[in-house]
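**Student:** Supplied in structure tokens, the structure appears directly below.
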Amino acid sequence: MLRRLEIRNFAVISHCIFEPGNGLNVISGETGAGKSLLIDAIGLILGDKASKNLIRSDCDKAYVEAVFDLESLSDRVKDEVKQIAEENGIPEDEDLIISREINSDGRSSARINGRTCVLSVLKQISSLLVDIHGQNDTQKIFDESTHVGLLDRFAGPDAVKIKSEYINILKRYKDTLTSIKQLGSSPEAQAKRREYLEFALNEISSANLKSGEDEELRIKKKLFADSAKINSILTETDEILYSSEDNATDLLKRACGLLEKLSSIDESYKDLSDRIASLSLDVEAVASEIDGRLADDDYSEAKLDEIDKRLSLIYDLKSKYGNDIDEINLFAKNSREEIDEIDRSEEILDKLRKELKVIEKELLAKAQELSKLRHESALRLSTEIVRELEDLEMPGTRFEVVFTEHPKNRFFSAQGTEDIAFAFSANPGESPKPLSKIASGGEASRIMLAIKTILSGADDTVSLVFDEIDSGISGIAALKVAHKLKKISEGHQVLSVSHTAQIAASADMNFFIHKSSDLVSSHTEITRLDEAGKINEVSRLLSGTDDEASKELARNLIDRF
């Protein structure tokens, strides 16, 4: 549940801290004081679009931060929040802290527990924590596409289970239909497809590719490139030492012979003769080893060219059939299977058509099971909504759930085999008509409140926000709305922006929003009211004054809750 909301430099709010409690929290104040800004700030936490127009005029950024108590959440919601947080690297903590910052250039940033996140993640998490029902939300009741979801929520876990089973069967049904369409295409198209697959298969098969072969060839090519350099140096060295006409080995042998003759004439040259003889033997040994290495070298231009051609073939096949050799071989495997399917298309088509009939029966049975549950639930929902509306000072109303079977060409949809729409009649004797054509704004608010009241037991969103749910109503109807909000708050934290005394009187906590101005700027503040402050505010809402007679009326009204 929401424990703390801090707002800085947000429109006319320079800084305020809102700390709601359990049960029913009512926010009231003079018209134009900024009550809607509190809802706008919560909307930002829920991922609403940010605008630089929300930044206070004398500031360069606005900031909103909400603290949620995780222990107050249901186990299902806690698990979902934890899973989303883990998937997105959001640190775990006792509380969940969500913040939004809006900059003067219109850009905004979102953080959860200090970790920057994208709005899609923020919306995923925050939608599990808070549900806002405002003037725009009232319009949702006019959107017939939302009615099936509301009915299924009322129907409970059985509807969720049956619908999930229906969706799984529907997927099998659609997959089978797709396979039938593919196999049942024109013979000319199948022949062309087979011709292409055979060409591809022959091209891949003749290449006889081995997994990882391309990487091995690249390594071998690099080694061959190094071998070419080594071979060139060894050949040049061999020519100097051994192979050329005036090679070093022969020259040293001649010098050795001359010094040997000289040492026989004069013994003092014996040392020089021995040294050059040793040098000649060393050079001859080096030359012999170089010659041997040249003989052993596996390098050849022909082999390098062979590697290049093989790599070129592999790259060409990659451009056609896959990103790597494994994908190319998988393409070949799938091609063989598809050729086999084409060859056996009539046999397979016959089998698929039989399967489709079985799946269609199974799908129809599950759709009928879902429809039966929905029809039963619709009767109960209609009865309960009429009862709630009577309690909200709307006697004589009729509420119906209208089922319209889909046409045959789109019989099975994701929602079942029927369109579902709510119909309403405000006056006895009039037949129910679509809500969008018959219900006024005040009536729509009460219908939505009736639905929220009925569904509140199945809703595990812990914090519910009602923005002026009392719009268009007064007197006894407002008193009944207050009782409904009080009932919902028994299982939820409820935040209600209100302008009626009845709802303010029913609150467990009251907050007053007021605006002050000087010659320079305006400031909006939010204050939690004590018991005396609550009496004064209810008195103001009742009569516009806080005289003793009004206060006595306020006390009597508060005592009714």
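A note on labels: chains of the structure tokens are A, B, ... as shown, every chain counts residues from 1, and ligands are counted from 1 in their shown order.
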Excluding Lys480 (chain A) and any residue of its chain fewer than 2 positions from it, enumerate the residues within 9 Å of it, using only C-alpha atoms, and give them as a PyMOL selection string.

**Tutor:** chain A and resi 391-393+475-478+482-485+502

**Student:** Env of region 110-123 of chain A: 10 Å cut, atoms = only C-alpha atoms, seq-sep filter 4 positions within chain, self excluded. Answer as a PyMOL selection string.

**Tutor:** chain A and resi 44-49+64-67+84-85+87-93+95-102+127-129

**Student:** Within 12 Å of Ala11 (chain A), counting only C-alpha atoms, which residues qualify if same-chain residues fewer than 6 places away don't, as a ChimeraX atom specification?

**Tutor:** /A:33-38,40-41,51-64,102,515,521-525

**Student:** Extract, using only C-alpha atoms, all DNA, RNA and protein residues at most 12 Å from Val77 (chain A), discarding same-chain residues fewer than 4 positions from it, and format them as a PyMOL selection string.

**Tutor:** chain A and resi 1+70-73+81-84+124-130+459-462

**Student:** Generate the output file for the selected residues, N, CA, C and O atoms, as a short mmCIF file (atom, residue, chain, number, x, y, z; two decimals), in the first residue's frame.

**Tutor:**
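Wrote out_32.cif, looks like this:
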```
data_model
loop_
_atom_site.label_atom_id
_atom_site.label_comp_id
_atom_site.auth_asym_id
_atom_site.auth_seq_id
_atom_site.Cartn_x
_atom_site.Cartn_y
_atom_site.Cartn_z
N MET A 1 0.83 -1.19 0.00
CA MET A 1 0.00 0.00 0.00
C MET A 1 0.88 1.25 0.00
O MET A 1 2.05 1.20 0.35
N LEU A 70 5.60 -3.28 0.98
CA LEU A 70 5.43 -4.56 0.28
C LEU A 70 4.72 -5.60 1.13
O LEU A 70 4.07 -6.50 0.61
N GLU A 71 4.85 -5.50 2.45
CA GLU A 71 4.24 -6.50 3.33
C GLU A 71 2.72 -6.47 3.27
O GLU A 71 2.05 -7.44 3.61
N SER A 72 2.16 -5.35 2.84
CA SER A 72 0.70 -5.23 2.78
C SER A 72 0.12 -5.88 1.52
O SER A 72 -1.10 -6.02 1.40
N LEU A 73 0.99 -6.31 0.59
CA LEU A 73 0.52 -6.88 -0.67
C LEU A 73 0.14 -8.34 -0.51
O LEU A 73 0.63 -9.03 0.39
N VAL A 81 5.69 -8.77 -8.37
CA VAL A 81 6.59 -7.62 -8.23
C VAL A 81 8.04 -8.10 -8.12
O VAL A 81 8.94 -7.56 -8.77
N LYS A 82 8.25 -9.14 -7.31
CA LYS A 82 9.60 -9.68 -7.13
C LYS A 82 10.17 -10.21 -8.44
O LYS A 82 11.34 -9.98 -8.77
N GLN A 83 9.33 -10.92 -9.21
CA GLN A 83 9.79 -11.48 -10.47
C GLN A 83 10.18 -10.39 -11.47
O GLN A 83 11.24 -10.46 -12.11
N ILE A 84 9.34 -9.36 -11.60
CA ILE A 84 9.64 -8.26 -12.52
C ILE A 84 10.91 -7.54 -12.08
O ILE A 84 11.76 -7.17 -12.90
N GLN A 124 4.42 -1.93 -15.47
CA GLN A 124 4.18 -3.31 -15.07
C GLN A 124 4.06 -3.44 -13.56
O GLN A 124 3.15 -4.09 -13.05
N ILE A 125 5.00 -2.82 -12.85
CA ILE A 125 5.03 -2.95 -11.38
C ILE A 125 3.93 -2.11 -10.74
O ILE A 125 3.16 -2.58 -9.90
N SER A 126 3.84 -0.82 -11.15
CA SER A 126 2.90 0.08 -10.47
C SER A 126 1.44 -0.32 -10.68
O SER A 126 0.60 -0.09 -9.82
N SER A 127 1.15 -0.95 -11.84
CA SER A 127 -0.24 -1.37 -12.09
C SER A 127 -0.68 -2.46 -11.12
O SER A 127 -1.88 -2.67 -10.92
N LEU A 128 0.29 -3.15 -10.52
CA LEU A 128 -0.03 -4.16 -9.51
C LEU A 128 -0.30 -3.55 -8.15
O LEU A 128 -0.84 -4.20 -7.26
N LEU A 129 0.09 -2.28 -7.99
CA LEU A 129 0.04 -1.63 -6.68
C LEU A 129 -1.13 -0.68 -6.51
O LEU A 129 -1.69 -0.56 -5.43
N VAL A 130 -1.48 0.04 -7.58
CA VAL A 130 -2.48 1.10 -7.50
C VAL A 130 -3.43 1.03 -8.68
O VAL A 130 -3.00 0.78 -9.82
N ASP A 459 -10.45 -8.39 -6.07
CA ASP A 459 -9.36 -7.52 -6.56
C ASP A 459 -8.26 -7.44 -5.50
O ASP A 459 -8.51 -6.98 -4.39
N ASP A 460 -7.04 -7.90 -5.84
CA ASP A 460 -5.96 -7.83 -4.86
C ASP A 460 -5.01 -6.67 -5.10
O ASP A 460 -3.89 -6.66 -4.61
N THR A 461 -5.46 -5.66 -5.89
CA THR A 461 -4.72 -4.40 -5.95
C THR A 461 -4.99 -3.68 -4.64
O THR A 461 -6.13 -3.35 -4.33
N VAL A 462 -3.94 -3.44 -3.87
CA VAL A 462 -4.15 -3.03 -2.48
C VAL A 462 -4.61 -1.58 -2.35
O VAL A 462 -5.38 -1.23 -1.46
#
```

**Student:** What does the distance from CA of Pro20 (chain A) to CA of Leu541 (chain A) come to in Å, to one decimal?

**Tutor:** 21.1 Å

**Student:** For Gly212 (chain A), which residue out of A:Ala189, A:Leu542, A:Ile132, A:Leu311 is the nearest one, using only C-alpha atoms?

**Tutor:**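 Looking only at the distances to Gly212 (chain A), the closest residue turns out to be A:Leu311.
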
**Student:** Pick out the residues sitting within 12 Å of Asp316 (chain A), and hand them over as a list of chain:residue names; count only C-alpha atoms, and ignore anything fewer than 3 positions along from it in its own chain.

**Tutor:**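 With the cut-off at 12 Å, the set is A:Ala200, A:Glu203, A:Ile204, A:Ala207, A:Asp214, A:Lys309, A:Arg310, A:Leu311, A:Ser312, A:Leu313, A:Ser319, A:Lys320, A:Tyr321, A:Gly322, A:Asn323, A:Asp324, A:Ile325, A:Ile328.
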
**Student:** Between A:Leu373, A:Ile233, A:Ala450, A:Ala414, which residue has the minimum interatomic distance to Ile290 (chain A), considering only C-alpha atoms?

**Tutor:**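 Looking at the shortest contact to Ile290 (chain A), the residue is A:Ile233.
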
**Student:** Give me, as a list in words, all polymer residues having an atom no more than 9 Å from region 339-347 of chain A, counting only C-alpha atoms and skipping those fewer than 2 positions away in the same chain.

**Tutor:**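 The filter keeps Leu183, Gly184, Gln190, Ala191, Arg193, Arg194, Leu197, Glu198, Asn334, Ser335, Arg336, Glu337, Leu349, Asp350, Lys351 and Leu352 of chain A.
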
**Student:** Near Leu272 (chain A), counting only C-alpha atoms, which residues have an atom at most 9 Å away, once you skip same-chain residues fewer than 6 positions from it, shown as a ChimeraX atom specification?

**Tutor:** /A:256,259-260,263

**Student:** Go ahead and compute the interatomic distance for CA of Glu213 (chain A) and CA of Asp326 (chain A), in Å to one decimal.

**Tutor:**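 Computing the Euclidean distance for CA of Glu213 (chain A) and CA of Asp326 (chain A) yields 10.2 Å.
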
**Student:** Calculated over only C-alpha atoms, which of the candidates A:Leu209, A:Gly29, A:Gln182, A:Arg528 has the smallest distance to Ile348 (chain A)?

**Tutor:** A:Gln182

**Student:** Please build the interface table for region 277-330 of chain A against region 243-252 of chain A with a cut-off of 12 Å, listing for each qualifying residue the nearest atom pair and the distance in Å to one decimal; count only C-alpha atoms, order rows by chain and increasing number, and write it as a tab-separated table.

**Tutor:**
```
residue	atom	partner	partner_atom	distance
A:Ala277	CA	A:Leu252	CA	8.0
A:Ser278	CA	A:Leu252	CA	10.1
A:Leu279	CA	A:Leu252	CA	7.9
A:Ser280	CA	A:Leu252	CA	5.5
A:Leu281	CA	A:Thr249	CA	8.6
A:Asp282	CA	A:Thr249	CA	9.5
A:Val283	CA	A:Thr249	CA	6.4
A:Glu284	CA	A:Thr249	CA	5.9
A:Ala285	CA	A:Thr249	CA	9.6
A:Val286	CA	A:Thr249	CA	9.8
A:Ala287	CA	A:Thr249	CA	7.9
A:Ser288	CA	A:Thr249	CA	10.3
A:Ile290	CA	A:Ser243	CA	11.2
A:Asp291	CA	A:Ser243	CA	9.4
```

**Student:** I need the residues of region 469-550 of chain A that end up classed as alpha helix (DSSP H) by DSSP on the backbone, written out as an MDAnalysis selection string.

**Tutor:** chainID A and resid 475:488 501:505 531:543 548:550

**Student:** Would you give me, as a Markdown table, each residue of region 297-388 of chain A having an atom within 12 Å of an atom of region 424-428 of chain A, along with its shortest atom pair and that distance in Å to one decimal, using only C-alpha atoms and sorting by chain and residue number?

**Tutor:**
```
| residue | atom | partner | partner_atom | distance |
| --- | --- | --- | --- | --- |
| A:Ser382 | CA | A:Phe424 | CA | 9.9 |
| A:Ile385 | CA | A:Phe424 | CA | 10.6 |
| A:Val386 | CA | A:Phe424 | CA | 9.8 |
```

**Student:** With N, CA and C atoms retained, could you export that selection as a short mmCIF file (atom, residue, chain, number, x, y, z; two decimals), in the first residue's frame?

**Tutor:**
```
data_model
loop_
_atom_site.label_atom_id
_atom_site.label_comp_id
_atom_site.auth_asym_id
_atom_site.auth_seq_id
_atom_site.Cartn_x
_atom_site.Cartn_y
_atom_site.Cartn_z
N SER A 382 -25.88 -9.01 -12.78
CA SER A 382 -26.99 -8.09 -13.03
C SER A 382 -27.81 -7.87 -11.76
N ILE A 385 -25.68 -5.81 -9.26
CA ILE A 385 -25.52 -4.42 -9.66
C ILE A 385 -26.82 -3.65 -9.45
N VAL A 386 -27.95 -4.25 -9.81
CA VAL A 386 -29.25 -3.59 -9.59
C VAL A 386 -29.44 -3.32 -8.11
#
```

**Student:** Can you work out the spacing between CA of Thr527 (chain A) and CA of Gly491 (chain A) in Å, to one decimal?

**Tutor:**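 According to the coordinates, CA of Thr527 (chain A) and CA of Gly491 (chain A) are separated by 25.2 Å.
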